[in-house]
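Student: Here it is, the structure, as structure tokens.
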Amino acid sequence: MKTKALLSILLLIGFGTFSSCDLFDKADDVSFDVILPLTFVIDETADNPGGSAYADTKLLDATSDPDVAKYANKIKEFKVNKVTYTITPGAGASTVTFTNGAVKVSSTGKTIASASSVSLSNTVETELTADTAGFNELASKLLDDKQELILLNGTLSKTPVAFDVKFNFYVTITANAL
């Protein structure tokens with residue numbers, strides 16, 4: 001009987017010796033999903049019946065979410081899952097289209113997500129076409145300092161026009177819980 005107990009203990013020690021340290025590192029990790037919102041307020045007052053290029057940047061700050069702020073110094077990974085947009089139409093938006101739209105990492109110009117043509121009268125939350133390399137680039141940038149400048153660019157079919165576009169970045173975060 002003592003031999004079985006001793007053999008069990010030796011096997012357990014041997015397993016622990018040859019196991020990956022990653023297994024134990026990951027045991028205290030916590031993963032959670034957050035939605036990081038970013039709103040662009042667009043108010044183009046110039047009269048351009050033939051259309052106009054649009055570009056602007058806004059700061060995406062992950063620490064504005066209380067869960068992210070709680071684990072800010074312990075975050076090990078960001079994973080961008082999808083990006084959606086919702087339009088709140090304003091003056092003149094019902095007859096305007098936004099084409100060749102792209103959401104990019106401003107510092108590198110890498111496209112995160114895009115849409116070929118968006119009617120500004122569409123008020124339903126809509127998923128953008130993802131660029132996996134752009135998702136990875138944004139995740140890497142967020143890991144560095146929990147924030148990144150985001151560039152929105154595209155072409156408005158005519159101006160003047162006013163509307164808001166809210167982007168939601170759906171992100172999974174892995175952090176060390178201890």
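Ordered as shown in the structure tokens, chains take letters A, B, and onward, while each chain numbers its residues from 1 and ligands are numbered from 1 in the order shown.
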Apply DSSP to the structure's backbone, then extract all residues of range 61-120 of chain A labelled helix (DSSP H, G or I) and return them as a PyMOL selection string.
Tutor: chain A and resi 62-64+66-74+93-95
Student: Need to verify the contact set: Thr57 in chain A, 12 Å, only C-alpha atoms, exclusion of same-chain residues closer than 4 positions in sequence. Can you return it as a PyMOL selection string?
Tutor: chain A and resi 38-42+102-107+109+148-153
Student: Which residue out of A:Ser157, A:Pro89, A:Thr132, A:Val80 has the minimum interatomic distance to Gly50 in chain A when only C-alpha atoms are used?
Tutor: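 Among the listed residues, the smallest separation from Gly50 in chain A belongs to A:Ser157.
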Student: Taking the backbone alone, and naming residues the way the document does, which bits of chain A are strand (DSSP E) by DSSP, as an NGL selection string?
Tutor: :A and (29-48 or 52-61 or 75-89 or 97-105 or 111-119 or 126-127 or 129-130 or 147-156 or 159-176)
Student: Save out the residues we just selected, C-alpha atoms, as a tab-separated table (two decimals), in the first residue's frame.
Tutor:
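Below is the file part-v3.tsv, written as the result:
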```
chain	number	residue	atom	x	y	z
A	29	ASP	CA	-6.01	34.54	-15.96
A	30	VAL	CA	-9.40	36.15	-16.39
A	31	SER	CA	-10.99	36.84	-19.79
A	32	PHE	CA	-13.89	39.18	-20.37
A	33	ASP	CA	-15.66	40.87	-23.27
A	34	VAL	CA	-16.12	44.62	-23.55
A	35	ILE	CA	-17.56	47.00	-26.11
A	36	LEU	CA	-15.39	50.05	-26.70
A	37	PRO	CA	-17.48	52.86	-28.25
A	38	LEU	CA	-16.09	55.63	-30.44
A	39	THR	CA	-18.32	58.34	-31.93
A	40	PHE	CA	-17.49	60.63	-34.83
A	41	VAL	CA	-19.64	63.78	-35.05
A	42	ILE	CA	-19.64	64.78	-38.71
A	43	ASP	CA	-20.84	68.24	-39.70
A	44	GLU	CA	-19.70	69.18	-43.19
A	45	THR	CA	-21.07	72.65	-43.96
A	46	ALA	CA	-19.43	73.32	-47.34
A	47	ASP	CA	-21.72	73.05	-50.38
A	48	ASN	CA	-20.32	70.25	-52.57
A	52	SER	CA	-16.39	65.44	-50.82
A	53	ALA	CA	-13.62	63.40	-49.24
A	54	TYR	CA	-13.84	63.00	-45.47
A	55	ALA	CA	-11.17	62.14	-42.90
A	56	ASP	CA	-10.98	62.60	-39.14
A	57	THR	CA	-9.31	60.95	-36.14
A	58	LYS	CA	-10.57	60.17	-32.64
A	59	LEU	CA	-8.92	58.55	-29.63
A	60	LEU	CA	-10.12	55.05	-28.74
A	61	ASP	CA	-9.38	54.78	-25.00
A	75	ILE	CA	-3.75	43.02	-19.24
A	76	LYS	CA	-1.93	40.35	-21.21
A	77	GLU	CA	-3.93	40.36	-24.45
A	78	PHE	CA	-6.52	42.26	-26.45
A	79	LYS	CA	-8.45	40.43	-29.17
A	80	VAL	CA	-10.66	42.46	-31.51
A	81	ASN	CA	-13.67	40.32	-32.51
A	82	LYS	CA	-15.70	42.70	-34.67
A	83	VAL	CA	-16.46	46.35	-35.38
A	84	THR	CA	-19.97	47.71	-35.94
A	85	TYR	CA	-21.39	51.12	-36.71
A	86	THR	CA	-24.68	52.89	-36.01
A	87	ILE	CA	-25.66	56.14	-37.71
A	88	THR	CA	-27.72	58.88	-36.12
A	89	PRO	CA	-28.91	60.93	-39.10
A	97	THR	CA	-24.08	57.96	-49.20
A	98	PHE	CA	-20.68	57.37	-47.59
A	99	THR	CA	-18.49	55.29	-49.93
A	100	ASN	CA	-15.10	53.60	-49.64
A	101	GLY	CA	-15.30	54.02	-45.87
A	102	ALA	CA	-12.45	52.69	-43.78
A	103	VAL	CA	-11.61	52.64	-40.09
A	104	LYS	CA	-7.83	52.57	-39.68
A	105	VAL	CA	-5.07	52.58	-37.09
A	111	THR	CA	-7.24	49.19	-42.20
A	112	ILE	CA	-9.16	47.66	-39.29
A	113	ALA	CA	-12.54	47.41	-41.03
A	114	SER	CA	-14.31	48.85	-44.05
A	115	ALA	CA	-17.58	49.36	-45.91
A	116	SER	CA	-17.88	49.99	-49.64
A	117	SER	CA	-21.15	51.95	-49.49
A	118	VAL	CA	-23.26	53.13	-46.56
A	119	SER	CA	-26.57	54.95	-46.79
A	126	THR	CA	-24.25	47.02	-38.89
A	127	GLU	CA	-21.05	45.01	-38.85
A	129	THR	CA	-16.03	44.06	-43.17
A	130	ALA	CA	-13.14	42.94	-40.99
A	147	GLN	CA	-5.42	53.61	-26.38
A	148	GLU	CA	-5.01	54.36	-30.06
A	149	LEU	CA	-5.93	57.09	-32.53
A	150	ILE	CA	-8.49	55.80	-35.02
A	151	LEU	CA	-8.83	57.31	-38.49
A	152	LEU	CA	-12.15	57.33	-40.33
A	153	ASN	CA	-12.02	58.18	-44.01
A	154	GLY	CA	-14.20	57.87	-47.09
A	155	THR	CA	-16.23	59.93	-49.53
A	156	LEU	CA	-19.55	61.69	-48.94
A	159	THR	CA	-22.52	68.05	-48.71
A	160	PRO	CA	-23.64	69.87	-46.63
A	161	VAL	CA	-24.51	67.01	-44.30
A	162	ALA	CA	-24.54	66.37	-40.56
A	163	PHE	CA	-24.70	63.03	-38.75
A	164	ASP	CA	-23.08	60.99	-36.00
A	165	VAL	CA	-21.56	57.57	-36.53
A	166	LYS	CA	-20.90	55.43	-33.47
A	167	PHE	CA	-18.44	52.58	-33.83
A	168	ASN	CA	-18.46	49.70	-31.36
A	169	PHE	CA	-15.26	47.69	-31.07
A	170	TYR	CA	-16.12	44.27	-29.62
A	171	VAL	CA	-13.02	43.12	-27.74
A	172	THR	CA	-12.03	40.16	-25.57
A	173	ILE	CA	-9.43	40.98	-22.92
A	174	THR	CA	-7.26	38.53	-21.04
A	175	ALA	CA	-5.67	39.76	-17.83
A	176	ASN	CA	-3.80	38.34	-14.87
```
Student: At what distance in Å, to one decimal, does CA of Lys70 in chain A lie from CA of Asp131 in chain A?
Tutor: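 According to the coordinates, CA of Asp131 in chain A and CA of Lys70 in chain A are separated by 29.1 Å.
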Student: To one decimal place, how far is CA of Leu142 in chain A from CA of Asp28 in chain A in Å?
Tutor: 21.7 Å
